[in-house]
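upload27.cif follows; it contains mmCIF, C-alpha atoms.
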```
data_data
#
loop_
_atom_site.label_atom_id
_atom_site.label_comp_id
_atom_site.auth_asym_id
_atom_site.auth_seq_id
_atom_site.Cartn_x
_atom_site.Cartn_y
_atom_site.Cartn_z
CA MET A 1 -12.97 25.45 16.77
CA ASN A 2 -10.78 25.32 19.81
CA PRO A 3 -10.89 22.01 21.77
CA THR A 4 -9.21 23.52 24.84
CA PRO A 5 -10.90 26.72 25.91
CA PRO A 6 -8.89 28.90 28.25
CA PRO A 7 -9.84 28.44 31.88
CA ASP A 8 -11.72 31.21 33.59
CA ASP A 9 -9.33 30.95 36.45
CA LEU A 10 -6.31 28.73 36.67
CA ASN A 11 -6.65 26.33 39.54
CA GLU A 12 -3.96 25.54 42.08
CA GLU A 13 -2.84 22.33 40.46
CA LEU A 14 -2.53 23.87 37.02
CA MET A 15 -0.62 26.85 38.37
CA THR A 16 1.73 24.60 40.29
CA ARG A 17 2.49 22.41 37.30
CA TRP A 18 2.94 25.50 35.13
CA ILE A 19 5.48 26.95 37.57
CA ASP A 20 7.32 23.63 37.63
CA GLY A 21 7.16 23.16 33.87
CA HIS A 22 4.95 20.07 33.91
CA LEU A 23 2.06 21.11 31.68
CA THR A 24 0.91 19.15 28.68
CA PRO A 25 1.11 21.01 25.37
CA GLU A 26 -2.66 21.51 25.41
CA GLU A 27 -2.60 22.92 28.91
CA LEU A 28 0.28 25.17 28.00
CA VAL A 29 -1.72 26.64 25.14
CA ALA A 30 -4.56 27.34 27.55
CA VAL A 31 -2.26 28.99 30.05
CA GLU A 32 -0.62 31.12 27.39
CA ARG A 33 -4.04 32.29 26.36
CA ALA A 34 -4.80 33.18 29.95
CA LEU A 35 -1.53 35.08 30.13
CA ALA A 36 -2.84 37.46 27.52
CA VAL A 37 -5.49 38.67 29.94
CA LYS A 38 -3.51 38.10 33.15
CA PRO A 39 0.03 39.22 32.38
CA LEU A 40 0.91 39.36 36.07
CA MET A 41 0.83 35.58 36.10
CA MET A 42 4.25 35.51 34.52
CA ARG A 43 5.63 37.63 37.33
CA GLU A 44 4.07 35.23 39.78
CA LYS A 45 5.80 32.31 38.12
CA GLU A 46 9.17 34.07 38.17
CA SER A 47 8.67 34.93 41.82
CA ALA A 48 7.97 31.29 42.69
CA GLN A 49 11.08 30.23 40.83
CA HIS A 50 13.19 32.80 42.66
CA LEU A 51 11.78 31.49 45.91
CA GLY A 52 12.80 27.95 44.98
CA GLY A 53 16.30 29.15 44.18
CA LEU A 54 16.53 30.94 47.51
CA LEU A 55 15.50 27.81 49.43
CA ARG A 56 17.93 25.59 47.53
CA GLN A 57 20.74 28.07 48.12
CA HIS A 58 20.25 28.31 51.86
CA LEU A 59 18.86 24.96 52.97
CA PRO A 60 20.95 21.80 52.73
CA SER A 61 19.56 18.70 51.07
CA VAL A 62 22.37 16.64 52.60
CA MET A 63 23.96 17.30 55.98
CA GLU A 64 25.89 14.69 57.91
CA PRO A 65 24.77 14.42 61.55
CA PRO A 66 27.36 15.30 64.21
CA SER A 67 29.61 12.31 64.95
CA PRO A 68 28.34 10.38 61.91
CA GLU A 69 30.24 7.19 62.72
CA PHE A 70 28.75 7.14 66.18
CA PHE A 71 25.36 7.88 64.65
CA THR A 72 25.63 4.75 62.53
CA SER A 73 27.30 2.56 65.13
CA ARG A 74 24.59 3.33 67.65
CA ILE A 75 21.90 2.26 65.23
CA MET A 76 23.77 -0.90 64.34
CA GLU A 77 24.32 -1.77 67.99
CA GLU A 78 20.65 -1.25 68.62
CA ILE A 79 19.48 -3.50 65.82
CA LYS A 80 22.05 -6.17 66.54
CA GLY A 81 20.94 -6.32 70.14
CA ALA A 82 23.90 -4.67 71.75
CA PRO A 83 25.29 -6.29 74.91
CA VAL A 84 23.12 -5.34 77.81
CA VAL A 85 24.85 -4.65 81.10
CA THR A 86 22.70 -5.51 84.07
CA LEU A 87 23.36 -3.35 87.05
CA PRO A 88 22.02 -3.51 90.58
CA ALA A 89 21.04 0.06 90.18
CA ALA A 90 18.11 2.37 90.25
CA PRO A 91 16.56 3.20 86.95
CA VAL A 92 17.44 6.70 85.94
CA ALA A 93 15.78 8.15 82.91
CA ARG A 94 18.31 9.40 80.44
CA PRO A 95 18.04 13.15 80.63
CA ALA A 96 17.75 14.51 77.14
CA GLY A 97 20.07 17.40 77.91
CA PHE A 98 22.76 15.08 79.18
CA ARG A 99 22.62 12.94 76.08
CA SER A 100 22.55 15.84 73.74
CA TRP A 101 25.69 17.55 74.94
CA LEU A 102 27.61 14.35 74.29
CA ARG A 103 26.95 14.59 70.62
CA GLN A 104 27.16 18.29 70.09
CA PRO A 105 29.58 19.29 67.33
CA TRP A 106 32.06 20.60 69.86
CA PHE A 107 32.27 17.23 71.51
CA ALA A 108 34.09 15.54 68.64
CA PRO A 109 37.18 17.78 68.74
CA LEU A 110 37.11 17.61 72.50
CA ALA A 111 37.14 13.86 72.30
CA SER A 112 39.89 13.85 69.71
CA ALA A 113 42.04 15.98 71.94
CA ALA A 114 41.65 13.46 74.69
CA ALA A 115 42.32 10.64 72.23
CA VAL A 116 39.22 8.83 73.16
CA ALA A 117 35.70 9.61 74.12
CA LEU A 118 33.43 7.40 76.04
CA LEU A 119 29.82 7.92 75.42
CA PHE A 120 27.61 6.55 78.08
CA LEU A 121 24.04 6.37 77.04
CA ALA A 122 23.01 5.74 80.56
CA MET A 123 24.84 6.35 83.78
CA ASN A 124 23.65 4.78 86.97
CA GLY A 125 24.88 4.52 90.45
CA ALA A 126 23.90 1.94 92.99
CA ARG A 127 20.98 2.52 95.24
CA PRO A 128 20.39 0.04 97.98
CA GLY A 129 17.27 -1.98 97.71
CA ILE A 130 16.44 -1.16 94.15
CA VAL A 131 17.30 -3.48 91.31
CA ALA A 132 17.01 -2.44 87.75
CA THR A 133 18.70 -2.84 84.44
CA SER A 134 20.67 -0.32 82.56
CA VAL A 135 22.58 -0.21 79.32
CA ALA A 136 26.01 1.28 78.88
CA ARG A 137 27.94 1.53 75.67
CA ALA A 138 31.38 2.75 74.92
CA TYR A 139 32.38 4.32 71.68
CA ALA A 140 35.79 5.55 70.58
CA PRO A 141 35.85 8.00 67.67
CA ASP A 142 39.50 7.15 67.09
CA PRO A 143 39.45 3.94 65.00
CA LYS A 144 42.74 2.88 66.58
CA VAL A 145 41.08 2.66 69.96
CA VAL A 146 38.75 -0.19 70.78
CA ALA A 147 36.38 0.48 73.65
CA ASN A 148 34.39 -2.16 75.48
CA ALA A 149 32.16 -1.77 78.50
CA PHE A 150 31.14 -4.50 80.90
CA TYR A 151 29.81 -4.78 84.39
CA SER A 152 32.24 -6.07 86.98
CA GLU A 153 30.70 -7.87 89.93
CA GLU A 154 33.97 -7.54 91.78
CA ALA A 155 34.17 -3.81 91.35
CA GLY A 156 30.45 -3.26 91.52
CA ALA A 157 30.77 -0.90 88.60
CA VAL A 158 30.87 -0.64 84.87
CA VAL A 159 34.40 -1.11 83.58
CA ILE A 160 35.49 0.51 80.37
CA ASP A 161 38.33 -1.29 78.68
CA LEU A 162 40.31 0.80 76.18
CA GLN A 163 42.71 -0.94 73.84
CA GLY A 164 45.12 1.11 71.76
CA LEU A 165 44.91 4.26 73.85
CA GLU A 166 47.97 6.46 73.91
CA ALA A 167 49.78 6.80 77.20
CA VAL A 168 48.26 9.37 79.52
CA PRO A 169 50.82 11.95 80.74
CA ASP A 170 51.78 11.51 84.38
CA ASP A 171 50.90 15.07 85.19
CA ARG A 172 47.33 14.77 84.01
CA GLU A 173 44.93 14.89 86.87
CA ILE A 174 42.12 12.41 86.60
CA ARG A 175 39.25 12.61 88.97
CA ALA A 176 36.49 10.04 89.21
CA TYR A 177 32.93 10.79 90.14
CA ASP A 178 30.45 8.30 91.40
CA VAL A 179 27.26 9.73 90.06
CA ALA A 180 23.89 8.60 91.29
CA ASP A 181 21.61 10.84 89.38
CA ALA A 182 21.48 13.64 86.91
CA ALA A 183 18.74 16.17 87.18
CA PRO A 184 17.23 16.72 83.74
CA ALA A 185 18.45 20.00 82.40
CA ALA A 186 15.96 22.36 80.87
CA PRO A 187 17.10 23.99 77.66
CA GLY A 188 19.77 26.54 78.46
CA LYS A 189 20.01 25.41 82.08
CA PRO A 190 23.01 23.68 83.64
CA LEU A 191 22.98 19.94 84.28
CA VAL A 192 23.57 19.02 87.92
CA LEU A 193 25.11 15.65 88.80
CA HIS A 194 24.57 14.23 92.28
CA ALA A 195 26.79 11.98 94.36
CA ALA A 196 26.08 8.27 94.52
CA ASN A 197 26.53 8.05 98.26
CA ASP A 198 24.53 11.18 98.92
CA PRO A 199 21.91 11.80 96.23
CA ASP A 200 21.04 15.16 97.73
CA ARG A 201 24.59 16.43 97.29
CA ALA A 202 25.43 18.04 93.98
CA ILE A 203 29.03 17.33 92.98
CA LEU A 204 29.36 18.57 89.45
CA VAL A 205 27.62 21.16 87.30
CA LEU A 206 27.83 21.02 83.55
CA SER A 207 26.85 24.09 81.59
CA PRO A 208 27.70 25.54 78.18
CA ASP A 209 30.35 28.21 77.99
CA ALA A 210 30.23 31.26 75.74
CA SER A 211 31.13 29.19 72.69
CA ALA A 212 28.62 26.43 73.55
CA GLY A 213 31.42 24.19 74.74
CA PRO A 214 31.19 22.25 78.01
CA ARG A 215 32.13 23.97 81.25
CA PHE A 216 32.46 21.80 84.31
CA ARG A 217 32.18 23.26 87.76
CA ASP A 218 33.49 20.95 90.45
CA LEU A 219 31.58 21.43 93.69
CA ASN A 220 33.87 19.18 95.74
CA MET B 221 4.14 -5.48 28.16
CA GLU B 222 4.72 -2.34 30.08
CA ALA B 223 3.21 -0.35 32.85
CA VAL B 224 2.11 3.07 31.75
CA LEU B 225 1.27 6.00 33.93
CA SER B 226 -0.64 8.38 31.78
CA GLY B 227 -2.09 11.81 32.15
CA PRO B 228 -0.58 15.09 33.21
CA MET B 229 -0.68 14.17 36.86
CA PHE B 230 2.01 11.61 36.31
CA MET B 231 4.34 13.61 34.16
CA ASP B 232 7.10 13.65 36.70
CA ALA B 233 6.37 10.29 38.23
CA VAL B 234 9.23 8.04 39.22
CA PRO B 235 10.53 6.15 36.20
CA LEU B 236 9.78 2.49 36.52
CA ALA B 237 12.91 0.46 37.01
CA PRO B 238 13.33 -2.56 34.79
CA PRO B 239 12.93 -5.93 36.50
CA VAL B 240 16.21 -7.09 37.90
CA ALA B 241 17.04 -10.71 38.54
CA THR B 242 20.67 -10.42 39.58
CA PRO B 243 22.32 -8.20 42.15
CA SER B 244 22.21 -4.72 40.69
CA LEU B 245 24.93 -2.21 41.16
CA ARG B 246 25.07 1.54 40.98
CA SER B 247 27.48 3.37 38.76
CA ASP B 248 29.95 3.53 41.64
CA GLY B 249 29.94 -0.26 41.92
CA GLU B 250 27.99 -0.31 45.17
CA PRO B 251 24.80 -2.37 45.42
CA ASP B 252 21.71 -0.33 44.67
CA ASP B 253 19.00 0.28 47.25
CA ALA B 254 16.80 -2.58 46.07
CA GLU B 255 19.64 -5.05 46.39
CA LEU B 256 20.55 -3.78 49.85
CA VAL B 257 16.92 -4.03 50.94
CA ILE B 258 16.80 -7.66 49.83
CA ARG B 259 19.94 -8.36 51.83
CA CYS B 260 18.48 -6.57 54.85
CA GLN B 261 15.33 -8.64 54.61
CA ALA B 262 17.59 -11.68 54.71
CA GLY B 263 18.89 -10.39 58.03
CA ARG B 264 22.23 -9.04 56.84
CA HIS B 265 23.07 -6.16 59.12
CA GLU B 266 25.97 -4.87 57.05
CA ALA B 267 23.54 -4.13 54.21
CA TYR B 268 21.50 -1.94 56.51
CA GLU B 269 24.63 -0.17 57.66
CA SER B 270 25.27 0.72 54.02
CA LEU B 271 21.76 2.16 53.74
CA VAL B 272 22.20 4.16 56.94
CA VAL B 273 25.48 5.61 55.69
CA ARG B 274 23.91 6.32 52.32
CA TYR B 275 20.87 8.16 53.66
CA ARG B 276 21.75 9.53 57.09
CA GLY B 277 22.84 12.88 55.59
CA ARG B 278 19.62 13.32 53.65
CA ILE B 279 17.36 12.28 56.49
CA TYR B 280 19.20 14.42 59.02
CA ALA B 281 19.10 17.46 56.71
CA MET B 282 15.41 16.95 56.01
CA ILE B 283 14.62 16.80 59.72
CA VAL B 284 16.79 19.80 60.53
CA ASN B 285 15.00 21.77 57.81
CA MET B 286 11.63 20.65 59.13
CA THR B 287 12.28 21.25 62.81
CA GLY B 288 14.92 23.97 62.77
CA ASN B 289 16.50 22.08 65.64
CA ASP B 290 19.68 20.15 64.93
CA ALA B 291 20.04 18.67 68.43
CA ASP B 292 16.64 16.98 68.36
CA ALA B 293 17.14 16.11 64.70
CA TRP B 294 19.92 13.72 65.73
CA ASP B 295 17.57 11.74 67.97
CA LEU B 296 14.74 11.87 65.47
CA SER B 297 17.01 10.62 62.70
CA GLN B 298 18.02 7.73 64.92
CA ASP B 299 14.37 6.89 65.46
CA VAL B 300 13.75 6.97 61.72
CA PHE B 301 16.42 4.39 60.98
CA LEU B 302 15.41 2.17 63.89
CA LYS B 303 11.77 2.26 62.84
CA ALA B 304 12.77 1.59 59.23
CA TRP B 305 14.76 -1.47 60.25
CA LYS B 306 11.80 -2.84 62.19
CA ALA B 307 9.47 -2.17 59.25
CA LEU B 308 11.79 -3.47 56.55
CA PRO B 309 10.35 -6.99 56.55
CA ARG B 310 7.05 -5.45 55.43
CA PHE B 311 8.61 -3.24 52.75
CA GLU B 312 7.34 -4.51 49.42
CA ALA B 313 9.30 -2.24 47.11
CA ARG B 314 6.17 -0.65 45.67
CA SER B 315 7.98 2.63 46.03
CA GLN B 316 11.61 3.58 46.07
CA PHE B 317 13.40 2.81 49.32
CA TYR B 318 14.26 6.45 49.91
CA THR B 319 10.68 7.68 49.47
CA TRP B 320 9.60 4.97 51.91
CA LEU B 321 12.32 6.15 54.29
CA TYR B 322 11.24 9.77 53.78
CA ARG B 323 7.74 8.74 54.73
CA ILE B 324 8.95 7.29 57.99
CA ALA B 325 10.99 10.44 58.57
CA HIS B 326 7.96 12.57 57.80
CA ASN B 327 5.81 10.65 60.27
CA VAL B 328 8.43 10.76 63.00
CA THR B 329 9.00 14.48 62.48
CA TYR B 330 5.31 15.27 62.21
CA ASP B 331 4.56 13.44 65.46
CA TRP B 332 7.38 15.30 67.18
CA LEU B 333 6.22 18.67 65.87
CA ARG B 334 2.67 17.94 66.93
CA LYS B 335 3.80 17.03 70.43
CA ARG B 336 6.06 20.02 70.71
CA LYS B 337 3.50 22.26 69.05
CA ILE B 338 6.20 24.10 67.22
CA GLY B 339 4.87 26.74 64.92
CA PRO B 340 1.20 27.40 64.34
CA GLY B 341 0.57 23.66 64.53
CA THR B 342 -2.98 23.87 63.37
CA GLU B 343 -4.54 21.32 61.15
CA PHE B 344 -4.11 23.17 57.96
CA ASP B 345 -6.88 24.13 55.68
CA ASP B 346 -5.11 24.63 52.38
CA ALA B 347 -6.67 27.99 51.89
CA LEU B 348 -6.61 29.02 55.53
CA GLY B 349 -6.54 32.77 55.76
CA GLN B 350 -5.26 33.17 52.27
CA THR B 351 -7.28 32.95 49.16
CA PRO B 352 -5.19 34.59 46.53
CA ALA B 353 -6.56 34.42 43.05
CA ALA B 354 -4.35 32.42 40.79
CA GLY B 355 -2.07 34.82 39.04
CA ALA B 356 -2.40 37.46 41.68
CA VAL B 357 0.85 39.07 42.70
CA THR B 358 1.78 38.80 46.32
CA VAL B 359 3.07 41.85 48.07
CA PRO B 360 5.69 41.83 50.82
CA GLN B 361 4.14 42.61 54.17
CA GLY B 362 7.31 43.92 55.70
CA THR B 363 7.13 47.58 56.48
CA ASP B 364 10.86 48.08 56.44
CA PRO B 365 12.27 46.97 53.13
CA PRO B 366 15.92 46.09 53.52
CA ASP B 367 18.22 48.83 52.40
CA ALA B 368 21.26 46.65 52.03
CA ARG B 369 22.05 43.16 50.82
CA LEU B 370 21.28 40.67 53.54
CA GLY B 371 23.98 38.42 54.88
CA ASN B 372 23.70 34.66 54.59
CA LYS B 373 23.08 34.27 58.29
CA GLU B 374 20.28 36.78 58.25
CA VAL B 375 18.75 35.23 55.15
CA GLY B 376 18.92 31.81 56.80
CA ALA B 377 17.15 33.16 59.85
CA ARG B 378 14.46 34.76 57.70
CA ILE B 379 13.91 31.51 55.84
CA ALA B 380 13.72 29.52 59.07
CA ALA B 381 11.21 31.97 60.52
CA ALA B 382 9.13 31.88 57.34
CA LEU B 383 9.09 28.07 57.30
CA GLU B 384 7.85 28.07 60.88
CA GLU B 385 4.87 30.05 59.71
CA LEU B 386 3.80 27.10 57.57
CA SER B 387 1.96 24.09 58.88
CA PRO B 388 4.12 20.94 59.05
CA GLU B 389 2.22 19.53 56.07
CA HIS B 390 2.91 22.53 53.87
CA ARG B 391 6.48 22.85 55.10
CA ALA B 392 7.19 19.23 54.24
CA VAL B 393 5.82 19.50 50.73
CA VAL B 394 7.67 22.67 49.80
CA LEU B 395 10.94 21.39 51.27
CA LEU B 396 10.68 18.01 49.56
CA LYS B 397 10.02 19.75 46.25
CA GLU B 398 12.38 22.69 46.36
CA VAL B 399 15.24 21.39 48.49
CA ASP B 400 15.18 17.61 48.02
CA GLY B 401 14.03 17.82 44.43
CA LEU B 402 11.41 15.09 44.72
CA SER B 403 8.74 14.69 42.07
CA TYR B 404 5.06 15.18 42.89
CA GLN B 405 4.59 11.41 42.99
CA GLU B 406 7.58 10.91 45.28
CA ILE B 407 6.27 13.63 47.59
CA ALA B 408 2.84 12.01 47.62
CA ASP B 409 4.45 8.69 48.53
CA SER B 410 6.58 10.35 51.20
CA VAL B 411 3.85 12.27 52.99
CA GLY B 412 0.99 9.90 52.25
CA CYS B 413 -1.41 12.06 50.31
CA THR B 414 -2.75 12.39 46.80
CA LEU B 415 -1.02 14.13 43.92
CA GLY B 416 -3.72 16.79 43.94
CA THR B 417 -3.09 17.50 47.59
CA VAL B 418 0.64 17.76 46.95
CA MET B 419 0.11 20.38 44.25
CA SER B 420 -2.44 22.27 46.29
CA ARG B 421 -0.17 22.36 49.35
CA LEU B 422 2.74 23.39 47.19
CA PHE B 423 0.70 26.23 45.72
CA TYR B 424 -0.29 27.65 49.09
CA ALA B 425 3.08 27.04 50.70
CA ARG B 426 4.78 28.95 47.91
CA LYS B 427 2.25 31.75 48.14
CA ARG B 428 2.85 32.12 51.85
CA LEU B 429 6.63 32.00 51.50
CA GLN B 430 6.55 34.48 48.65
CA THR B 431 4.63 36.84 50.88
CA LEU B 432 7.10 36.39 53.70
CA LEU B 433 10.33 36.26 51.72
CA ARG B 434 9.84 38.23 48.55
CA ASP B 435 11.87 41.14 49.88
CA VAL B 436 14.70 38.70 50.68
CA TYR B 437 15.08 37.16 47.27
CA GLU B 438 14.51 40.45 45.53
CA THR B 439 17.26 41.95 47.66
CA THR B 440 19.70 39.08 47.32
CA ALA B 441 19.02 38.36 43.64
#
```

Would you write out, as structure tokens, the structure that this file holds?
Amino acid sequence: MNPTPPPDDLNEELMTRWIDGHLTPEELVAVERALAVKPLMMREKESAQHLGGLLRQHLPSVMEPPSPEFFTSRIMEEIKGAPVVTLPAAPVARPAGFRSWLRQPWFAPLASAAAVALLFLAMNGARPGIVATSVARAYAPDPKVVANAFYSEEAGAVVIDLQGLEAVPDDREIRAYDVADAAPAAPGKPLVLHAANDPDRAILVLSPDASAGPRFRDLN
Amino acid sequence: MEAVLSGPMFMDAVPLAPPVATPSLRSDGEPDDAELVIRCQAGRHEAYESLVVRYRGRIYAMIVNMTGNDADAWDLSQDVFLKAWKALPRFEARSQFYTWLYRIAHNVTYDWLRKRKIGPGTEFDDALGQTPAAGAVTVPQGTDPPDARLGNKEVGARIAAALEELSPEHRAVVLLKEVDGLSYQEIADSVGCTLGTVMSRLFYARKRLQTLLRDVYETTA
């Protein structure tokens, strides 16, 4: 007498556990009996195992996000209640495209080359008559550089204080932009930044170059 | 006295950890997840930073694999850890921290996929459009079998395209099993379904991927 008759058709759960090697001895006997009449089942099992190997070979189970220290520091700032800078400025939604280029893989070497990178999570310019709050954070990937951002009433602007930054060569041209707005960039489209004193005037266009790096086009 | 999970359904269930009264350490001397969770629940931010550093690579990879989009995966991973921090006071350690975190990641990713309607995006009937008899051999549908070994980049693209053919539910299960190496029980905890559903989804997800990718792994084997 056989207490475990072979199944007429192996169900999905049994097949799955057979492929993964999780059958009880009794179930295994039943499956082996079924194999006698359905020999192609073994090929099916081998195929599923090859598939698993292919996925494991080509898909990562661990992959550090770009700028991992910034990734963590941003979370920690958020949960610690990072200092909030209140600006007499219009609320401007953070355009996803603008945020995303800041943390693209190419941005880290770019920032390293410049010794320090400042990552603004929101950029606002003043607009008369509208009062809103905004948050700005500064982050320096170089651990030797400490970056702090605060709002200066006197200057009417966010001031970024960098401690430990290497001297900037005299011949380096630095140009400042007073940006009022950034039109959200559709995927693959350039990001257009507008002047604070003339929101209808585009002053800077940011678009990816052939190697997906940033290309700035100055319209001034 | 011991807790016993019996029956074949629980054969690869998570081993029950012994009760721990003192701070427990991993083999590398770092506090284990349970200890860090306790510290987090006491409001110690540095403990959460350790958990973020420990799991950011896994969560980010999981979301990249699920969405095929590494730029959005960065934001989604941030959301996962922020949501986890907010929910930590309610975490009762009935499951492992990382399966709990995976569940949050799954929910965040699933919501995003649903909003973006990436892929077929249909509520998936397990047997939708495919009712292969168990044991039946799938046949590649490609009309042009590759005549040369495929490069890694091309294989990666084929895999990504095949995964997009799956519903988010099936994609999650097959990735958690094959790539992350989770047990059936851990997958059930992560995606919030029964063990039977996990195995059923795994069966159909594999079937579909075998159909779509058999020529790839037979070529590259």

Selected by the PyMOL selection byres ((chain A) within 6 of (chain B)) in the shown coordinates: which residues, as a PDB file with C-alpha atoms, in the coordinates of the input?
```pdb
ATOM      1  CA  LEU A  10      -6.310  28.730  36.670  1.00  0.00           C
ATOM      2  CA  GLU A  12      -3.960  25.540  42.080  1.00  0.00           C
ATOM      3  CA  GLU A  13      -2.840  22.330  40.460  1.00  0.00           C
ATOM      4  CA  THR A  16       1.730  24.600  40.290  1.00  0.00           C
ATOM      5  CA  MET A  41       0.830  35.580  36.100  1.00  0.00           C
ATOM      6  CA  GLU A  44       4.070  35.230  39.780  1.00  0.00           C
ATOM      7  CA  GLY A  52      12.800  27.950  44.980  1.00  0.00           C
ATOM      8  CA  ARG A  56      17.930  25.590  47.530  1.00  0.00           C
ATOM      9  CA  SER A  61      19.560  18.700  51.070  1.00  0.00           C
ATOM     10  CA  VAL A  62      22.370  16.640  52.600  1.00  0.00           C
ATOM     11  CA  MET A  63      23.960  17.300  55.980  1.00  0.00           C
ATOM     12  CA  GLU A  64      25.890  14.690  57.910  1.00  0.00           C
TER      13      GLU A  64
END
```

| request: Would you work out the distance separating atom CA of Phe311 of chain B from atom CA of Ala325 of chain B, expressed in Å to one decimal? | output: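 We find that atom CA of Phe311 of chain B and atom CA of Ala325 of chain B lie 15.1 Å from each other.
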
If you take every atom of segment 146-164 of chain A that the file lists and fit an axis-aligned box around them with 3 Å extra on each side, what centre and edge lengths come out in Å to one decimal, as AutoDock Vina command-line options?
```
--center_x 37.5 --center_y -3.4 --center_z 81.3 --size_x 21.3 --size_y 15.0 --size_z 27.0
```

| task | May I ask for the distance between atom CA of Asp252 of chain B and atom CA of Thr72 of chain A, given in Å to one decimal place? | result |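 Straight-line distance from atom CA of Asp252 of chain B to atom CA of Thr72 of chain A works out to 19.0 Å.
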
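Between Gly288 of chain B and the candidates B:Glu389, B:Glu384, B:Glu406, B:Glu374, the tightest atom-to-atom separation, counting only C-alpha atoms, involves B:Glu384.
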
| query | Do you have the atom CA of Leu35 of chain A-atom CA of Asn11 of chain A distance handy? | reply | 13.8 Å

| request: Report as a ChimeraX atom specification the residues that result from applying the PyMOL selection byres ((chain B and resi 253) around 9) to the structure here. | output: /B:244-246,251-252,254-258,271,316-318

Residues from last step as file, C-alpha atoms, as a PDB file, in the coordinates of the input:
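Heads up, here's the output in out_18.pdb:
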```
ATOM      1  CA  SER B 244      22.210  -4.720  40.690  1.00  0.00           C
ATOM      2  CA  LEU B 245      24.930  -2.210  41.160  1.00  0.00           C
ATOM      3  CA  ARG B 246      25.070   1.540  40.980  1.00  0.00           C
ATOM      4  CA  PRO B 251      24.800  -2.370  45.420  1.00  0.00           C
ATOM      5  CA  ASP B 252      21.710  -0.330  44.670  1.00  0.00           C
ATOM      6  CA  ALA B 254      16.800  -2.580  46.070  1.00  0.00           C
ATOM      7  CA  GLU B 255      19.640  -5.050  46.390  1.00  0.00           C
ATOM      8  CA  LEU B 256      20.550  -3.780  49.850  1.00  0.00           C
ATOM      9  CA  VAL B 257      16.920  -4.030  50.940  1.00  0.00           C
ATOM     10  CA  ILE B 258      16.800  -7.660  49.830  1.00  0.00           C
ATOM     11  CA  LEU B 271      21.760   2.160  53.740  1.00  0.00           C
ATOM     12  CA  GLN B 316      11.610   3.580  46.070  1.00  0.00           C
ATOM     13  CA  PHE B 317      13.400   2.810  49.320  1.00  0.00           C
ATOM     14  CA  TYR B 318      14.260   6.450  49.910  1.00  0.00           C
TER      15      TYR B 318
END
```
